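Asks: For reference, the file input-v7.txt (compact mmCIF, C-alpha atoms) is included below:
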# COMPACT_ATOMS: atom_id res chain seq x y z
CA MET A 70 22.36 -61.66 5.18
CA SER A 71 20.70 -58.68 3.62
CA LEU A 72 20.90 -55.00 4.47
CA GLU A 73 18.00 -52.65 4.19
CA ALA A 74 18.64 -49.12 3.09
CA ALA A 75 18.45 -46.64 5.92
CA PRO A 76 15.43 -44.37 5.74
CA ALA A 77 16.04 -41.08 4.02
CA LEU A 78 16.72 -38.22 6.36
CA ALA A 79 14.11 -35.48 6.62
CA ASP A 80 14.78 -32.23 4.79
CA PRO A 81 17.25 -30.14 6.79
CA ILE A 82 16.05 -26.96 8.46
CA LYS A 83 17.53 -23.79 7.03
CA LEU A 84 17.57 -20.63 9.17
CA THR A 85 17.77 -17.19 7.55
CA PRO A 86 17.93 -13.95 9.55
CA THR A 87 15.98 -10.90 8.38
CA GLU A 88 17.02 -7.37 9.21
CA ASP A 89 16.28 -3.94 7.82
CA VAL A 90 16.63 -0.40 9.10
CA ARG A 91 14.99 2.79 7.81
CA LEU A 92 16.04 6.24 9.02
CA ARG A 93 13.78 9.06 7.85
CA TYR A 94 13.39 12.80 8.20
CA GLU A 95 9.94 14.13 7.35
CA ARG A 96 8.91 17.79 7.38
CA VAL A 97 5.34 19.03 6.91
CA GLU A 98 4.22 22.63 6.44
CA GLN A 99 0.44 23.05 6.34
CA ASP A 100 -1.63 26.24 6.09
CA GLY A 101 -3.77 26.77 9.17
CA ILE A 102 -1.21 25.16 11.51
CA ALA A 103 1.32 27.67 12.84
CA ARG A 104 4.14 25.23 13.50
CA ALA A 105 5.80 22.95 10.95
CA ALA A 106 6.24 19.29 11.80
CA ASP A 107 9.75 17.85 11.99
CA ALA A 108 10.04 14.11 12.50
CA VAL A 109 13.22 12.07 12.62
CA THR A 110 12.32 8.42 13.10
CA ILE A 111 14.19 5.15 12.83
CA ARG A 112 12.40 1.90 12.11
CA VAL A 113 14.09 -1.44 12.77
CA ARG A 114 12.77 -4.85 11.74
CA SER A 115 14.43 -8.03 12.88
CA GLY A 116 13.43 -11.67 12.59
CA VAL A 117 14.26 -15.15 11.48
CA ALA A 118 12.87 -17.45 8.79
CA ALA A 119 13.06 -21.24 9.05
CA SER A 120 12.40 -23.54 6.07
CA SER A 121 12.38 -27.27 5.49
CA GLY A 122 11.07 -28.74 2.27
CA PRO A 123 7.67 -27.23 1.44
CA TRP A 124 7.28 -25.76 4.95
CA SER A 125 8.55 -22.44 6.25
CA ALA A 126 7.96 -20.19 9.23
CA LEU A 127 8.76 -16.54 9.81
CA VAL A 128 8.78 -14.40 12.94
CA GLU A 129 9.60 -10.71 12.64
CA ALA A 130 9.34 -7.80 15.09
CA GLN A 131 9.41 -4.11 14.29
CA GLY A 132 10.11 -1.04 16.39
CA ASN A 133 9.93 2.67 15.64
CA LEU A 134 11.78 5.31 17.66
CA ALA A 135 11.20 9.07 17.36
CA ILE A 136 14.57 10.80 17.62
CA VAL A 137 12.97 14.19 16.90
CA ASP A 138 9.26 14.19 17.78
CA HIS A 139 7.98 17.62 16.78
CA TYR A 140 4.91 16.18 15.07
CA ASP A 141 1.37 14.96 15.69
CA ASP A 142 1.70 11.19 15.67
CA SER A 143 -2.11 10.73 15.31
CA VAL A 144 -2.43 8.76 18.57
CA GLY A 145 -2.13 11.48 21.21
CA HIS A 146 1.33 13.01 21.02
CA GLY A 147 2.24 16.34 19.40
CA ALA A 148 -1.03 18.26 19.25
CA GLY A 149 -0.55 21.57 17.46
CA TYR A 150 1.75 20.15 14.79
CA PRO A 151 0.79 18.70 11.39
CA VAL A 152 0.32 14.93 11.34
CA VAL A 153 3.14 12.51 10.57
CA GLY A 154 1.60 9.06 11.00
CA ASP A 155 4.64 7.34 12.53
CA PRO A 156 4.07 6.94 16.30
CA GLU A 157 6.66 5.24 18.45
CA ASN A 158 6.02 1.52 18.55
CA ILE A 159 7.35 -1.94 19.26
CA ALA A 160 5.32 -4.88 18.07
CA LEU A 161 5.18 -8.27 16.41
CA TYR A 162 4.96 -7.46 12.70
CA ARG A 163 4.80 -10.98 11.21
CA ALA A 164 4.42 -14.48 12.63
CA GLN A 165 3.40 -16.88 9.89
CA LEU A 166 3.54 -20.51 8.83
CA GLN A 167 3.62 -21.37 5.12
CA TYR A 168 3.20 -24.49 3.02
CA LYS A 169 4.24 -24.14 -0.63
CA SER A 170 4.08 -26.69 -3.43
CA ALA A 171 4.14 -26.22 -7.20
CA PRO A 172 0.42 -25.43 -7.64
CA PHE A 173 -0.58 -24.37 -4.12
CA THR A 174 0.53 -22.00 -1.35
CA LEU A 175 -1.12 -21.66 2.06
CA ILE A 176 -0.06 -19.01 4.60
CA GLY A 177 -1.53 -18.66 8.07
CA GLY A 178 -0.85 -16.17 10.85
CA ARG A 179 0.19 -12.54 10.98
CA GLN A 180 1.41 -11.62 7.52
CA LYS A 181 2.02 -8.85 5.03
CA ILE A 182 -0.52 -8.79 2.17
CA GLY A 183 -0.39 -6.70 -1.00
CA LEU A 184 -2.95 -7.56 -3.67
CA GLU A 185 -2.60 -6.40 -7.28
CA ASP A 186 -1.56 -2.71 -7.27
CA GLU A 187 -2.60 -2.41 -3.57
CA ARG A 188 -5.50 -0.07 -4.44
CA PHE A 189 -7.80 -2.12 -2.23
CA VAL A 190 -5.50 -4.14 0.04
CA GLY A 191 -1.88 -3.32 0.83
CA ALA A 192 0.82 -3.09 3.47
CA ALA A 193 1.02 0.75 3.65
CA ALA A 194 4.80 0.30 3.40
CA ILE A 195 5.53 4.05 3.39
CA ARG A 196 4.69 4.21 7.08
CA GLN A 197 7.30 3.15 9.61
CA ASN A 198 4.73 0.88 11.29
CA SER A 199 3.45 -0.90 8.21
CA ARG A 200 0.12 -2.72 8.14
CA SER A 201 -0.13 -6.48 8.55
CA PHE A 202 -3.03 -8.94 8.72
CA ASP A 203 -4.00 -11.82 10.98
CA ALA A 204 -5.20 -14.05 8.19
CA VAL A 205 -5.25 -17.28 6.23
CA ARG A 206 -4.36 -16.94 2.54
CA GLY A 207 -4.41 -19.58 -0.16
CA GLN A 208 -3.07 -19.29 -3.72
CA LEU A 209 -3.73 -21.95 -6.35
CA SER A 210 -2.57 -22.31 -9.96
CA LEU A 211 -5.58 -23.90 -11.60
CA THR A 212 -3.90 -24.07 -15.01
CA LYS A 213 -0.78 -22.60 -16.56
CA HIS A 214 -2.64 -19.34 -17.21
CA LEU A 215 -5.36 -19.30 -14.51
CA ARG A 216 -4.72 -18.49 -10.83
CA ALA A 217 -6.91 -18.11 -7.75
CA ASP A 218 -6.11 -16.15 -4.59
CA LEU A 219 -8.37 -16.24 -1.50
CA THR A 220 -7.80 -14.58 1.89
CA TYR A 221 -9.80 -14.50 5.10
CA ALA A 222 -8.51 -11.89 7.58
CA TRP A 223 -10.00 -11.51 11.05
CA SER A 224 -7.81 -8.64 12.22
CA VAL A 225 -5.94 -5.75 10.59
CA ARG A 226 -2.89 -4.49 12.49
CA THR A 227 -2.74 -0.76 11.74
CA PRO A 228 0.17 1.71 11.41
CA SER A 229 -1.05 3.32 14.67
CA GLY A 230 1.00 0.78 16.63
CA ILE A 231 0.54 -0.38 20.21
CA ASN A 232 -0.56 3.08 21.42
CA GLY A 233 -3.42 3.25 18.94
CA ARG A 234 -6.78 4.31 20.31
CA GLY A 235 -10.22 5.57 19.32
CA ALA A 236 -10.53 6.12 15.58
CA LYS A 237 -6.86 5.07 15.20
CA PRO A 238 -6.79 1.73 17.01
CA THR A 239 -3.97 -0.77 17.23
CA ALA A 240 -6.05 -3.33 15.35
CA ILE A 241 -9.43 -3.49 13.63
CA GLY A 242 -11.34 -6.75 13.87
CA GLY A 243 -13.81 -8.06 11.34
CA ASP A 244 -14.56 -10.80 8.83
CA ASN A 245 -12.63 -9.61 5.77
CA VAL A 246 -12.61 -11.68 2.58
CA PHE A 247 -10.42 -10.94 -0.47
CA ALA A 248 -10.94 -13.11 -3.56
CA LEU A 249 -9.19 -12.85 -6.93
CA LEU A 250 -9.23 -14.95 -10.09
CA ALA A 251 -6.55 -14.05 -12.68
CA GLN A 252 -6.40 -15.22 -16.30
CA ASP A 253 -3.56 -14.54 -18.74
CA THR A 254 -4.85 -13.17 -22.05
CA PRO A 255 -3.20 -11.80 -25.22
CA LEU A 256 -3.84 -8.28 -23.88
CA GLY A 257 -2.43 -8.92 -20.41
CA THR A 258 -3.62 -10.36 -17.12
CA LEU A 259 -7.37 -10.03 -16.52
CA THR A 260 -8.32 -10.29 -12.85
CA GLY A 261 -11.80 -10.47 -11.41
CA PHE A 262 -11.95 -9.51 -7.74
CA ALA A 263 -14.19 -9.23 -4.69
CA TYR A 264 -13.12 -7.29 -1.60
CA LEU A 265 -15.42 -7.66 1.42
CA ILE A 266 -14.03 -5.25 4.01
CA ASP A 267 -15.48 -5.47 7.51
CA GLN A 268 -14.34 -2.61 9.75
CA ASP A 269 -16.04 -3.99 12.84
CA GLU A 270 -15.03 -1.27 15.33
CA ALA A 271 -17.60 1.35 16.33
CA ALA A 272 -14.87 3.95 16.97
CA VAL A 273 -13.71 3.67 13.34
CA GLN A 274 -16.29 5.88 11.63
CA GLY A 275 -19.20 3.99 13.24
CA TYR A 276 -18.72 0.97 10.92
CA ARG A 277 -19.14 3.27 7.88
CA LEU A 278 -15.95 2.02 6.21
CA SER A 279 -17.30 -1.52 5.82
CA SER A 280 -17.90 -2.17 2.13
CA GLN A 281 -18.18 -4.78 -0.59
CA SER A 282 -16.43 -4.10 -3.90
CA TYR A 283 -16.63 -6.21 -7.05
CA GLY A 284 -14.80 -5.56 -10.28
CA ALA A 285 -12.12 -6.43 -12.82
CA ARG A 286 -8.64 -5.23 -13.76
CA LEU A 287 -6.58 -5.65 -16.93
CA VAL A 288 -2.80 -5.10 -16.81
CA GLY A 289 -0.46 -5.63 -19.72
CA SER A 290 2.68 -4.53 -21.52
CA ARG A 291 4.24 -5.06 -24.92
CA ALA A 292 7.52 -4.25 -26.65
CA VAL A 293 6.71 -2.02 -29.62
CA ALA A 294 10.30 -1.45 -30.78
CA PRO A 295 13.83 -2.17 -29.56
CA LYS A 296 14.09 -0.71 -26.02
CA VAL A 297 10.56 0.69 -26.30
CA LYS A 298 7.76 -0.76 -24.16
CA ALA A 299 4.13 0.24 -23.81
CA SER A 300 2.12 -0.70 -20.71
CA TRP A 301 -1.49 -0.23 -19.67
CA GLN A 302 -3.95 -0.67 -16.82
CA LEU A 303 -7.75 -0.66 -16.96
CA SER A 304 -9.93 -1.19 -13.91
CA TYR A 305 -13.58 -0.93 -12.89
CA ALA A 306 -15.34 -1.72 -9.61
CA THR A 307 -18.67 -1.09 -7.96
CA GLN A 308 -18.98 -0.68 -4.20
CA SER A 309 -21.85 -0.75 -1.70
CA ASP A 310 -22.35 -0.93 2.04
CA TYR A 311 -21.51 -4.16 3.88
CA HIS A 312 -22.18 -5.87 7.19
CA ARG A 313 -22.92 -3.30 9.96
CA ASN A 314 -22.48 -0.18 7.82
CA PRO A 315 -25.55 2.00 8.53
CA ASN A 316 -25.23 3.84 5.20
CA ASP A 317 -27.11 2.62 2.15
CA TYR A 318 -25.05 3.60 -0.89
CA ARG A 319 -23.50 2.57 -4.18
CA ALA A 320 -20.46 4.14 -5.86
CA ASP A 321 -18.21 3.22 -8.80
CA TYR A 322 -14.48 3.19 -9.45
CA TYR A 323 -12.65 3.64 -12.78
CA LEU A 324 -8.99 3.65 -13.76
CA VAL A 325 -7.37 4.18 -17.17
CA ASP A 326 -3.56 4.30 -17.12
CA GLY A 327 -0.91 4.08 -19.81
CA ALA A 328 2.87 4.43 -19.96
CA LEU A 329 5.68 4.36 -22.49
CA ASP A 330 9.28 3.44 -21.65
CA VAL A 331 11.82 4.57 -24.25
CA HIS A 332 15.33 3.54 -23.25
CA ALA A 333 15.74 5.27 -19.86
CA LEU A 334 12.79 7.64 -20.28
CA HIS A 335 9.41 6.89 -18.68
CA VAL A 336 6.27 8.81 -19.65
CA GLY A 337 2.90 8.00 -18.13
CA ALA A 338 -0.61 9.37 -17.74
CA GLY A 339 -3.84 8.23 -16.16
CA TYR A 340 -7.32 9.06 -14.99
CA GLU A 341 -8.69 7.59 -11.77
CA VAL A 342 -12.21 8.17 -10.46
CA LEU A 343 -13.55 7.29 -7.02
CA GLY A 344 -17.25 7.96 -7.42
CA ALA A 345 -19.72 9.57 -5.06
CA GLY A 346 -22.87 7.98 -3.69
CA ASN A 347 -25.55 10.38 -2.50
CA GLY A 348 -23.16 13.19 -1.58
CA THR A 349 -23.09 12.58 2.16
CA ALA A 350 -20.02 11.63 4.17
CA LEU A 351 -18.66 8.09 3.60
CA THR A 352 -21.11 7.21 0.83
CA SER A 353 -18.34 7.73 -1.75
CA PHE A 354 -15.97 4.98 -2.88
CA GLN A 355 -13.62 4.16 0.02
CA THR A 356 -10.47 2.01 0.19
CA PRO A 357 -9.44 1.98 3.90
CA LEU A 358 -7.02 -0.96 3.47
CA ALA A 359 -5.18 0.46 0.45
CA SER A 360 -1.53 1.46 0.37
CA ILE A 361 -3.01 4.91 -0.11
CA PHE A 362 0.30 6.76 -0.43
CA LYS A 363 0.72 5.21 -3.87
CA PHE A 364 -2.45 6.93 -5.12
CA GLN A 365 -3.78 10.49 -5.43
CA GLY A 366 -0.59 12.24 -4.40
CA TRP A 367 1.92 11.99 -1.59
CA ALA A 368 0.56 14.95 0.40
CA ASP A 369 -2.17 12.64 1.78
CA LYS A 370 -5.01 15.13 1.31
CA LEU A 371 -7.46 12.51 -0.02
CA THR A 372 -6.85 9.49 2.20
CA THR A 373 -10.59 9.43 2.89
CA THR A 374 -12.62 10.02 -0.26
CA PRO A 375 -14.69 13.24 0.08
CA PRO A 376 -18.51 13.01 -0.09
CA ASP A 377 -18.50 14.25 -3.70
CA GLY A 378 -15.92 11.70 -4.86
CA VAL A 379 -12.60 12.36 -6.62
CA ARG A 380 -11.43 12.67 -10.21
CA ASP A 381 -7.64 12.44 -10.44
CA LEU A 382 -6.06 13.35 -13.78
CA TYR A 383 -2.31 12.74 -13.60
CA GLY A 384 0.85 12.56 -15.64
CA SER A 385 4.36 11.39 -14.83
CA LEU A 386 7.83 11.78 -16.26
CA GLY A 387 10.93 9.91 -15.16
CA TRP A 388 14.47 8.94 -16.08
CA GLY A 389 16.53 6.02 -14.80
CA TRP A 390 20.14 4.87 -14.90
CA PRO A 391 21.01 1.21 -14.14
CA LYS A 392 24.38 2.45 -12.86
CA LEU A 393 25.82 5.89 -12.23
CA GLY A 394 29.31 5.79 -10.78
CA ALA A 395 29.17 3.69 -7.61
CA PHE A 396 25.38 3.94 -7.45
CA LYS A 397 22.83 1.57 -8.94
CA ALA A 398 19.13 1.89 -9.80
CA VAL A 399 19.38 5.68 -9.95
CA GLY A 400 16.13 7.39 -10.85
CA VAL A 401 14.32 10.72 -10.87
CA GLN A 402 10.58 11.18 -11.22
CA ALA A 403 8.00 13.97 -11.37
CA VAL A 404 4.21 13.52 -11.11
CA TYR A 405 1.43 16.08 -11.55
CA HIS A 406 -2.14 15.60 -10.27
CA ARG A 407 -5.27 17.63 -10.89
CA PHE A 408 -8.05 16.80 -8.42
CA ASP A 409 -11.76 17.51 -9.00
CA ALA A 410 -15.03 16.36 -7.48
CA GLU A 411 -16.89 13.56 -9.26
CA ARG A 412 -20.51 14.36 -8.35
CA VAL A 413 -20.47 18.13 -8.86
CA ASP A 414 -18.43 20.67 -10.83
CA ARG A 415 -15.85 21.55 -8.18
CA ARG A 416 -12.08 21.92 -8.28
CA TYR A 417 -10.21 20.45 -5.31
CA GLY A 418 -6.60 21.38 -6.05
CA ASP A 419 -3.33 20.46 -7.75
CA GLU A 420 -0.27 18.55 -6.57
CA VAL A 421 3.29 18.10 -7.76
CA ASP A 422 5.39 15.18 -6.47
CA LEU A 423 9.16 14.80 -6.99
CA LEU A 424 11.44 11.85 -6.21
CA ALA A 425 15.14 11.04 -6.55
CA SER A 426 16.48 7.66 -5.42
CA ALA A 427 19.53 5.38 -5.70
CA LYS A 428 21.15 2.28 -4.20
CA LEU A 429 24.68 1.79 -2.94
CA ALA A 430 25.55 -1.77 -1.90
CA ARG A 431 23.01 -2.64 0.84
CA TYR A 432 21.96 0.98 1.28
CA GLY A 433 19.14 2.91 -0.34
CA ILE A 434 18.82 6.69 -0.34
CA SER A 435 15.99 8.90 -1.49
CA ALA A 436 14.69 12.45 -1.40
CA ARG A 437 10.99 13.06 -1.92
CA TYR A 438 8.91 16.26 -2.07
CA ALA A 439 5.18 16.96 -2.42
CA THR A 440 3.35 20.26 -2.71
CA TYR A 441 -0.45 20.47 -2.70
CA ARG A 442 -2.10 23.72 -3.76
CA ALA A 443 -5.68 23.88 -2.54
CA ASP A 444 -8.37 25.35 -4.74
CA GLY A 445 -11.65 24.20 -3.17
CA PHE A 446 -10.61 21.41 -0.79
CA ALA A 447 -8.28 21.12 2.23
CA THR A 448 -5.31 23.50 2.65
CA ASP A 449 -1.96 24.20 1.00
CA THR A 450 0.59 21.63 2.19
CA GLN A 451 4.26 20.93 1.52
CA LYS A 452 6.07 17.75 2.57
CA LEU A 453 9.73 16.74 2.40
CA TRP A 454 11.24 13.31 3.07
CA LEU A 455 14.93 12.35 3.29
CA GLU A 456 15.46 8.63 3.76
CA LEU A 457 18.28 6.13 4.28
CA THR A 458 17.64 2.38 4.33
CA TRP A 459 19.76 -0.69 4.97
CA ALA A 460 18.78 -4.33 4.54
CA LEU A 461 20.61 -7.55 5.31
Output the structure of this file as structure tokens.

Replies:
Amino acid sequence: MSLEAAPALADPIKLTPTEDVRLRYERVEQDGIARAADAVTIRVRSGVAASSGPWSALVEAQGNLAIVDHYDDSVGHGAGYPVVGDPENIALYRAQLQYKSAPFTLIGGRQKIGLEDERFVGAAAIRQNSRSFDAVRGQLSLTKHLRADLTYAWSVRTPSGINGRGAKPTAIGGDNVFALLAQDTPLGTLTGFAYLIDQDEAAVQGYRLSSQSYGARLVGSRAVAPKVKASWQLSYATQSDYHRNPNDYRADYYLVDGALDVHALHVGAGYEVLGAGNGTALTSFQTPLASIFKFQGWADKLTTTPPDGVRDLYGSLGWGWPKLGAFKAVGVQAVYHRFDAERVDRRYGDEVDLLASAKLARYGISARYATYRADGFATDTQKLWLELTWAL
């Protein structure tokens, strides 16, 4: 008599809850608007991830409640106040299925996507209702040093939430394609990219934010002495109209950025240019799917590139402590921006941004301030954020 081995059991299913809470106070004072905005909002995300072998699934909902709502939420509430783009909301944030093996990852469904530095495609994580994408994304390691990343997204879920309307809709449909090919080199990672952005909603600038951008980006760092590291970024792209965009234009993008970390000190500087086309509205270089808060100042005066483009000359200074008493990852930072037009000789304004942040166990705390001084564009604006986060 012989016994056959019992078949191996399938990989067990592991369930992992996800939970995070963000409580924020934001104040905005803007010349030309008599009343200041005061917003106290609390954002809660809750979900569950299930995994078994190479397969995993994630479902996550998010809700945003305005405890103090003295602000223009950009979708119909609070006219007469400055804008704070955090409307009340409850929605499905992510619902995705993933297959992951050593060389290949495939993700389908509603998902968060942040590509490279998020200059072209990002989650807009600063907003309480962050952006997500209904998409299919594949990532493939072709060799040890060569990687491909391809996404097709048919809908963009915006920070406007379920009450979005008009030029600020809940979602923007379209055939979006994001393609990247990254190669490791002695000078850093060199990435060629193509971003085909299809804003296929007439209410959103009459399709004028649809564009095709092609370019390359080099990012690298190197230790130059004990506890001294130099880092750099170089990027170039060219953009033109795409799909149903009625404008016929071409504009260029440039970035040169360098930083030096010496022990706990960080010093950085850069020059970013979003070029102009023919000088008319929305013929300049646009990045409507960017995590725009990370670029050109926190006062949000240049979220849409002006007709004459933007030149942003900036410098930053920071200091960090791995541990300070009971707190970890303590840091302070200051950034200065000078904004000018690209197509003509015109000064836009200056901005100073300040940040202090720290972590305590599962909590994060931060205080952030931005002041924009207008010279030839927009109006003087001051913003203050106080934030407390908790994550499971």

Asks: Could you give me, as a PDB file with C-alpha atoms, keeping the file's coordinate frame, the residues within 6 Å of stretch 242-254 of chain A, counting only C-alpha atoms and dropping anything in the same chain fewer than 2 positions from it?

Replies:
ATOM      1  CA  HIS A 214      -2.640 -19.340 -17.210  1.00  0.00           C
ATOM      2  CA  LEU A 215      -5.360 -19.300 -14.510  1.00  0.00           C
ATOM      3  CA  ARG A 216      -4.720 -18.490 -10.830  1.00  0.00           C
ATOM      4  CA  ALA A 217      -6.910 -18.110  -7.750  1.00  0.00           C
ATOM      5  CA  ASP A 218      -6.110 -16.150  -4.590  1.00  0.00           C
ATOM      6  CA  LEU A 219      -8.370 -16.240  -1.500  1.00  0.00           C
ATOM      7  CA  THR A 220      -7.800 -14.580   1.890  1.00  0.00           C
ATOM      8  CA  TYR A 221      -9.800 -14.500   5.100  1.00  0.00           C
ATOM      9  CA  ALA A 222      -8.510 -11.890   7.580  1.00  0.00           C
ATOM     10  CA  TRP A 223     -10.000 -11.510  11.050  1.00  0.00           C
ATOM     11  CA  SER A 224      -7.810  -8.640  12.220  1.00  0.00           C
ATOM     12  CA  LEU A 256      -3.840  -8.280 -23.880  1.00  0.00           C
ATOM     13  CA  GLY A 257      -2.430  -8.920 -20.410  1.00  0.00           C
ATOM     14  CA  THR A 258      -3.620 -10.360 -17.120  1.00  0.00           C
ATOM     15  CA  LEU A 259      -7.370 -10.030 -16.520  1.00  0.00           C
ATOM     16  CA  THR A 260      -8.320 -10.290 -12.850  1.00  0.00           C
ATOM     17  CA  GLY A 261     -11.800 -10.470 -11.410  1.00  0.00           C
ATOM     18  CA  PHE A 262     -11.950  -9.510  -7.740  1.00  0.00           C
ATOM     19  CA  ALA A 263     -14.190  -9.230  -4.690  1.00  0.00           C
ATOM     20  CA  TYR A 264     -13.120  -7.290  -1.600  1.00  0.00           C
ATOM     21  CA  LEU A 265     -15.420  -7.660   1.420  1.00  0.00           C
ATOM     22  CA  ILE A 266     -14.030  -5.250   4.010  1.00  0.00           C
ATOM     23  CA  ASP A 267     -15.480  -5.470   7.510  1.00  0.00           C
ATOM     24  CA  GLN A 268     -14.340  -2.610   9.750  1.00  0.00           C
ATOM     25  CA  ASP A 269     -16.040  -3.990  12.840  1.00  0.00           C
TER      26      ASP A 269
END

Asks: Would you list the residues near (4.3, 11.5, 16.9) (no more than 10 Å away, in the coordinates of the file, using only C-alpha atoms) as an MDAnalysis selection string?

Replies: chainID A and resid 106:110 134:135 137:148 150:157

Asks: How would you write as JSON, numbers by chain the residues that get within 8 Å of (-15.4, 2.8, -7.1) in the file's frame, counting all atoms listed in the file?

Replies: {"A": [282, 305, 306, 307, 308, 320, 321, 322, 323, 342, 343, 344, 353, 354, 355]}

Asks: Using all atoms listed in the file, which protein or nucleic acid residues come within 7 Å of A:Val128? Drop anything in the same chain fewer than 3 positions from it, and give the result as JSON, numbers by chain.

Replies: {"A": [116, 117, 118, 163, 164, 165]}

Asks: Report the distance between atom CA of A:Arg114 and atom CA of A:Tyr438 in Å, rounded to one decimal place.

Replies: 25.5 Å
